[in-house]
Structures are given as C-alpha cells and as structure tokens.
Amino acid sequence: MDGQTKDLHLFTHLYPYGKENETFLDAEIEVLASAFSTIYIYPNKRSEQRRDSLPSNVQVIDLLNTPIKRRNLVIKLFLLLRFSPIILHTLRQTYNKRAYITHSKYYVQRLYKEIDLYLRLKSFFQKKNKHSIFYTYWFDNGLLALAILKKQGHIQKLFSRAHGYDLYDERNCDLPWAFRAFILANITRLFCVSKNGLNYLQTRFPQYVESISSAYLGINDANKKLEKTLTNEPLFVSVGSLIELKRTDLILDTLKHFDQPAKWVHFGSGSEMEKIKKLATELPSSISYEIKGFVSNEELIRFYNNHEVTGFLSFSSSEGLPVSMMEAVSFGIPILACNVGGISEIVIPKKTGILLPVNCTSEDRLNGLNQLVTYPFDRQQIQDYFHLNFNATTNYHSFSKQLKSL
C-alpha cells in the first residue's frame, strides 16, 4: 500500500450514529476499511445510538457537531471580504447568477457557516498528514470548507459523492446549491451515484466535466434464494421514507382500483405516517396491508428471503438511484417506478421492471400494476443485472482504487 495515502477522512451527516441514517454506508465501510490503514469518520451530527460493528481500524471523531461560533458584525464583514474571491468565482462560473443576486442573504449565510467550519478544520488538520484522502459522502454542507483547504494546499486529495437531494436544484427549493462552481474547480473528483446525475451536473458546469464522473453504490449479496413458495395473491412491497416527495399516497390510490385480491407491505416511516395509515383504511377488503415502519436492514432481507414478492412499487417525484431498488433487484423482484433521476438505470423496461412518466395518471399506474403481475419477468435475469451493476464488493473495491489512484 502507498504510505502516502494510508488514511481516509470520511465526512458524513450522522453515520455511524443513528439506526435509520446512511445505513447503506455499512457495506462501503467494510471495503474501504480493507483498503486504508485508518478511516476517520467525522459526523456532522450525533445521537445517543451508535453502530456497534464498525471495523477495528475505523475511528469516529466528534469535531463537527458543535455550535457555530458567534461573531460580531465587524468580524463577519472582515471574513466576507477575505473570502470574497469565492463569491466572485461563483458569479463568473455559475449558470444562474440571478439566483445568487436575488437570494444573496441565503448564500452569504451559507458562506459564513462554511467559513466557520473551514477555520475549525484548518486548526485541526494543520498538523495532520497532508497526503491523506478526504472524502465527503454528500455533495452539500461542509464540502466548500474542504475545497478551501484544498485550494490553500492544506489537503491534497478531496473527493465527494452526489446522490439525489444533495444534487438536484429542485430539491433545494429550486435554488442552485451554494458555491458549486468553486467546489468543482478545487475538488479532485466528484462521483455521482447515477449517470443521470452525471449528465445533470456536466450540463450545468461544462467547464468542469473532467472533475465529475459516476460510480454506482452497491449492496452485499446475502445469498438470495429464488426458489420460494408462490402465493395465490400478488404481494407488493414499497420501501422508503413516508414523506411528500415519495408520493406513497399514489400507491394506495392505485391499489384501490386493483381488481383482484392482493397484499401491500411498506417498510419505512416519516412525517406522513398517520396520513398513509388513514388512507390505507380506505382500501377495499380485497387488499390487505402492513405498514411496518422503520425496520433494520436485516429484517427487510429476511422478509425478501421468506416471501415471493410480486413487485416493488415507487411513485416518487424525485430520486437519485435508490439502494432500496438495488435490494429489490438483488432478489429478482421487478420494479414499477416513475422515470425520475437515475431510476431508468436500474428499471429496464421488460427486463427489470416497468417505467412510468413522473406525471403518470391513475390509469397509467393501474396499467403498470397489471403489467407487473402478468408480464413474464425472468427473475434470474433481474438478479444477473444486479450482479453486473450493483454488487457492493465489485463497486466499492473499484471505488477505493480510484480514491487512491487519482
């Protein structure tokens, strides 16, 4: 191993704290731990719960989850002047100058937060190995601070992933995410988790196409079984947060018009839990259901291993490339979903599932559901597609090699 790249500094939202957050990082950490001498994780927040099964060479450093330092107006003006080149660079290079000018207060506040983080990180890393690799799991808060450090030569290699909410401007109240031109000018490489995300960014920042590429996430193959006892009734599953953009209510609306007995099981919780529970009571008696709320990944895998699932349902209005869908295809389960984000990279019509337009009608969804039941999907072919594209061992070994070689 190259001694100059032996350590990895990983920045997360909450991981390894919490049980429901960034669970898909578990598989990646296992591979990264075998590729680097030490991994330091810096969660932006923390909670009382923490994962017990981290690799032995992983250390958690609670550096970021402290209050932002309060400063008076004079110091704020001084800092704004000192870091004004970031603003000027952004205005020259962004595709949407109007938004920065119209919402200047918002962007100045974002800059102050990143400056505070930058000063904290600079003090912490000034005696650290400059040849270590820095990697943020999300393309959002904290990355600008690290980009400043890299521009100043305090760190040598800086990488990030870009998923869904942290990528598309429409997920940020239709405002451009802050100071991305500066970040892309100073990052070693940004890895989008979908080719759709890659195209999205390269279209908006054509001057930085060399800094942006794609790298799929992945999940472990848990020795899935395809031979299960078929049930007499279709069994549909959905997995995800019960929030507005997931449009789980459209699943219920579709099932209300499904003209044969069936069962629907949902895994996940969220702010719309009570709304979805109420809508579920309005389903016809021929449709049974379970809303399981949040469950561990192990429990979800057991469910898939013990049940013959007819199809996975998702009518989200926006997505990146969901790990939940990777889990479904790993079991040979076809997917019915709206064509948003990177969904078309995992839902291949008549091969791994059925695609609907994002503005699909009730009739579109019902026709899709009927096709999901009647079309002769080759479940082994669906599993083969998983192994070719979303196998954690393959994807994360390739990713770790890129981190060390670029």
# chains A, B, ... in the order shown; residues from 1 in each chain; ligands from 1
$ select_by_dssp --residues "segment 134-213 of chain A" --states "alpha helix (DSSP H)" --output "JSON, numbers by chain"
{"A": [143, 144, 145, 146, 147, 148, 149, 150, 151, 180, 181, 182, 183, 184, 185, 186, 195, 196, 197, 198, 199, 200, 201, 202, 203, 204]}
$ select_by_dssp --residues "segment 176-239 of chain A" --states "strand (DSSP E or B)" --output "JSON list (two decimals) with C-alpha atoms, in the first residue's frame"
[["chain", "number", "residue", "atom", "x", "y", "z"],
["A", 189, "ARG", "CA", -13.18, 14.19, -8.32],
["A", 190, "LEU", "CA", -16.93, 14.18, -7.72],
["A", 191, "PHE", "CA", -18.66, 10.80, -8.09],
["A", 192, "CYS", "CA", -22.37, 10.89, -8.96],
["A", 212, "ILE", "CA", -17.18, 14.83, -12.48],
["A", 213, "SER", "CA", -17.72, 11.11, -13.05],
["A", 214, "SER", "CA", -20.12, 8.41, -11.87],
["A", 219, "ILE", "CA", -25.22, -3.78, -1.64],
["A", 235, "LEU", "CA", -47.57, -9.31, -2.95],
["A", 236, "PHE", "CA", -46.34, -5.75, -3.46],
["A", 237, "VAL", "CA", -43.63, -4.06, -1.43],
["A", 238, "SER", "CA", -42.53, -0.44, -1.08],
["A", 239, "VAL", "CA", -39.55, 0.83, 0.90]]
$ residues_around --residues "Gly197 of chain A" --least-positions-apart "4" --cutoff "12 Å" --atoms "only C-alpha atoms" --output "ChimeraX atom specification"
/A:139,161-169,190-193,201-204,212-216,318-321,340-345
$ residues_around --residues "Leu313 of chain A" --least-positions-apart "2" --cutoff "12 Å" --atoms "only C-alpha atoms" --output "ChimeraX atom specification"
/A:235-240,246-252,254-255,264-267,309-311,315-316,324-325,328,333-338,347,353-356,365-366,368-369,372-373
$ closest_residue --among "A:Ser296, A:Ser132, A:Asn391, A:Ser288" --to "Lys19 of chain A" --atoms "only C-alpha atoms"
A:Ser296
$ closest_residue --among "A:Phe11, A:Phe83, A:Tyr17, A:Tyr112" --to "Gly142 of chain A" --atoms "only C-alpha atoms"
A:Phe11
$ closest_residue --among "A:Thr281, A:Ser211, A:Gln156, A:Ser362" --to "Phe125 of chain A" --atoms "only C-alpha atoms"
A:Gln156
$ atom_distance --atom1 "atom CA of Glu363 of chain A" --atom2 "atom CA of Gly293 of chain A"
28.3 Å
$ atom_distance --atom1 "atom CA of Leu14 of chain A" --atom2 "atom CA of Pro43 of chain A"
4.9 Å
$ residues_around --residues "Gln93 of chain A" --least-positions-apart "6" --cutoff "9 Å" --atoms "only C-alpha atoms" --output "MDAnalysis selection string"
chainID A and resid 181:182 205 207
$ residues_around --residues "Ala392 of chain A" --least-positions-apart "5" --cutoff "8 Å" --atoms "only C-alpha atoms" --output "list in words"
Ala27, Glu28, Leu217, Gly218, Ile219, Asn220 and Asp221 of chain A
$ write_last_selection --atoms "N, CA and C atoms" --output "PDB file, in the first residue's frame"
ATOM      1  N   ALA A  27     -21.987  -1.278   4.025  1.00  0.00           N
ATOM      2  CA  ALA A  27     -21.289  -2.140   3.059  1.00  0.00           C
ATOM      3  C   ALA A  27     -20.035  -1.456   2.513  1.00  0.00           C
ATOM      4  N   GLU A  28     -20.121  -0.158   2.297  1.00  0.00           N
ATOM      5  CA  GLU A  28     -18.970   0.571   1.750  1.00  0.00           C
ATOM      6  C   GLU A  28     -17.826   0.650   2.761  1.00  0.00           C
ATOM      7  N   LEU A 217     -23.413   3.025  -6.219  1.00  0.00           N
ATOM      8  CA  LEU A 217     -23.389   2.402  -4.906  1.00  0.00           C
ATOM      9  C   LEU A 217     -23.617   0.901  -5.103  1.00  0.00           C
ATOM     10  N   GLY A 218     -23.655   0.171  -4.010  1.00  0.00           N
ATOM     11  CA  GLY A 218     -23.889  -1.264  -4.133  1.00  0.00           C
ATOM     12  C   GLY A 218     -24.350  -1.843  -2.813  1.00  0.00           C
ATOM     13  N   ILE A 219     -24.836  -3.063  -2.854  1.00  0.00           N
ATOM     14  CA  ILE A 219     -25.225  -3.779  -1.636  1.00  0.00           C
ATOM     15  C   ILE A 219     -24.604  -5.167  -1.672  1.00  0.00           C
ATOM     16  N   ASN A 220     -24.493  -5.760  -0.497  1.00  0.00           N
ATOM     17  CA  ASN A 220     -23.931  -7.100  -0.407  1.00  0.00           C
ATOM     18  C   ASN A 220     -24.935  -8.133  -0.894  1.00  0.00           C
ATOM     19  N   ASP A 221     -24.424  -9.151  -1.528  1.00  0.00           N
ATOM     20  CA  ASP A 221     -25.268 -10.259  -1.953  1.00  0.00           C
ATOM     21  C   ASP A 221     -25.398 -11.219  -0.777  1.00  0.00           C
TER      22      ASP A 221
END
$ atom_distance --atom1 "atom CA of Asp384 of chain A" --atom2 "atom CA of Ile301 of chain A"
18.1 Å
$ closest_residue --among "A:Leu121, A:Ala178, A:Met326, A:Ala33" --to "Ile155 of chain A" --atoms "only C-alpha atoms"
A:Leu121
